[in-house]
Amino acid sequence: LDPQPDMVYARDVGAAVLASRHSLPLIFEAHEVPQGALERTLFRKVLASPTLQRLVVISRSLETQLRQTFTVPMTLPLVVAHDAADELTVVEGSAPAVHLSKAARGLDVGYVGNLYEGRGVDLVPELARQRPQDLFHIVGGTAEDLAVQRQPETPENLYFHGFVRPADLSRYYS
């Protein structure tokens with residue numbers, strides 16, 4: 001790979017296996033116990049990878065389930081970083097997507113999260129300027145944050161959607 005990344009942060013087990021095959025330092029974030037024979041096999045490969053630096057899980061319950069189901073090396077640093085949620089919901093199927101205007105050519109690029117300094121969101125307007133063929137969507141932020149972010153020189157291909165409840169975010173991810 002050129003340029004060679006310093007680290008790969010993956011949530012997809014296939015991408016994590018690919019990174020480990022390229023001997024890239026890896027952090028894997030798990031959101032659920034892998035389902036199906038193939039996904040479980042790939043997850044075992046990730047856990048056995050010498051390049052795996054850390055495992056991130058989104059709840060203590062998931063940590064317990066993974067430790068009961070798989071051999072998680074005791075020497076592997078494991079971090080519990082709770083996933084954002086404002087209510088406990090069970091989702092059956094997928095929520096309908098929010099109809100955002102799709103890029104006629106290029107990519108749709110999204111940022112979801114807080115807009116305060118240090119999060120990297122300040123890089124998005126510059127990226128939008130450099131890539132006018134792509135559409136950039138920023139989801140999140142308070143009214144005050146949005147007032148700071150929206151400037152007269154905001155590129156036309158950059159859209160601010162404001163705060164969205166975590167329970168409704170899957171529609172934006174789609």
# chains A, B, ... in the order shown; residues from 1 in each chain; ligands from 1
$ residues_around --residues "Ile138 of chain A" --least-positions-apart "3" --cutoff "7 Å" --atoms "only C-alpha atoms" --output "ChimeraX atom specification"
/A:110-112,159-161
$ write_last_selection --atoms "N, CA, C and O atoms" --output "mmCIF file, in the first residue's frame"
data_model
loop_
_atom_site.group_PDB
_atom_site.id
_atom_site.type_symbol
_atom_site.label_atom_id
_atom_site.label_comp_id
_atom_site.auth_asym_id
_atom_site.auth_seq_id
_atom_site.Cartn_x
_atom_site.Cartn_y
_atom_site.Cartn_z
ATOM 1 N N GLY A 110 -19.721 11.547 4.751
ATOM 2 C CA GLY A 110 -20.450 11.969 5.932
ATOM 3 C C GLY A 110 -19.600 12.038 7.179
ATOM 4 O O GLY A 110 -18.673 11.247 7.352
ATOM 5 N N TYR A 111 -19.937 13.002 8.027
ATOM 6 C CA TYR A 111 -19.365 13.108 9.367
ATOM 7 C C TYR A 111 -20.546 13.160 10.318
ATOM 8 O O TYR A 111 -21.488 13.943 10.118
ATOM 9 N N VAL A 112 -20.525 12.322 11.350
ATOM 10 C CA VAL A 112 -21.576 12.312 12.353
ATOM 11 C C VAL A 112 -20.911 12.463 13.708
ATOM 12 O O VAL A 112 -20.023 11.686 14.053
ATOM 13 N N TYR A 159 -23.200 20.205 3.320
ATOM 14 C CA TYR A 159 -24.526 20.338 3.909
ATOM 15 C C TYR A 159 -24.461 20.076 5.409
ATOM 16 O O TYR A 159 -23.861 19.100 5.846
ATOM 17 N N PHE A 160 -25.110 20.932 6.196
ATOM 18 C CA PHE A 160 -25.205 20.764 7.642
ATOM 19 C C PHE A 160 -26.622 20.294 7.963
ATOM 20 O O PHE A 160 -27.595 20.950 7.595
ATOM 21 N N HIS A 161 -26.742 19.164 8.644
ATOM 22 C CA HIS A 161 -28.050 18.601 8.969
ATOM 23 C C HIS A 161 -28.441 18.837 10.414
ATOM 24 O O HIS A 161 -29.580 18.564 10.787
#
$ select_by_dssp --residues "chain A" --states "helix (DSSP H, G or I)" --output "MDAnalysis selection string"
chainID A and resid 13:21 37:48 60:69 121:130 143:149 166:173
$ atom_distance --atom1 "atom CA of Tyr173 of chain A" --atom2 "atom CA of Leu52 of chain A"
26.9 Å
$ residues_around --residues "segment 62-78 of chain A" --least-positions-apart "4" --cutoff "12 Å" --atoms "only C-alpha atoms" --output "PyMOL selection string"
chain A and resi 26-35+40-58+82-83
$ select_by_dssp --residues "segment 20-169 of chain A" --states "strand (DSSP E or B)" --output "PyMOL selection string"
chain A and resi 26-30+52-57+78-80+108-112+135-139+158-162
$ atom_distance --atom1 "atom CA of Val139 of chain A" --atom2 "atom CA of Asp6 of chain A"
27.6 Å
$ atom_distance --atom1 "atom CA of Gly140 of chain A" --atom2 "atom CA of Met7 of chain A"
26.5 Å
$ residues_around --residues "Pro155 of chain A" --least-positions-apart "2" --cutoff "7 Å" --atoms "only C-alpha atoms" --output "VMD selection string"
chain A and resid 125 128 to 129 153 157 to 158
$ write_last_selection --atoms "C-alpha atoms" --output "PDB file, in the first residue's frame"
ATOM      1  CA  PRO A 125     -14.923  22.364   4.591  1.00  0.00           C
ATOM      2  CA  ALA A 128     -15.197  19.904   0.286  1.00  0.00           C
ATOM      3  CA  ARG A 129     -13.312  22.725  -1.448  1.00  0.00           C
ATOM      4  CA  GLU A 153     -17.405  30.867   2.322  1.00  0.00           C
ATOM      5  CA  ASN A 157     -21.200  20.855  -1.756  1.00  0.00           C
ATOM      6  CA  LEU A 158     -21.235  20.931   2.078  1.00  0.00           C
TER       7      LEU A 158
END
$ closest_residue --among "A:Gln130, A:Ser59, A:Thr142, A:Gln151" --to "Asn114 of chain A" --atoms "only C-alpha atoms"
A:Thr142
$ closest_residue --among "A:Val148, A:Ala143, A:Ala16, A:Leu24" --to "Phe163 of chain A" --atoms "only C-alpha atoms"
A:Ala143
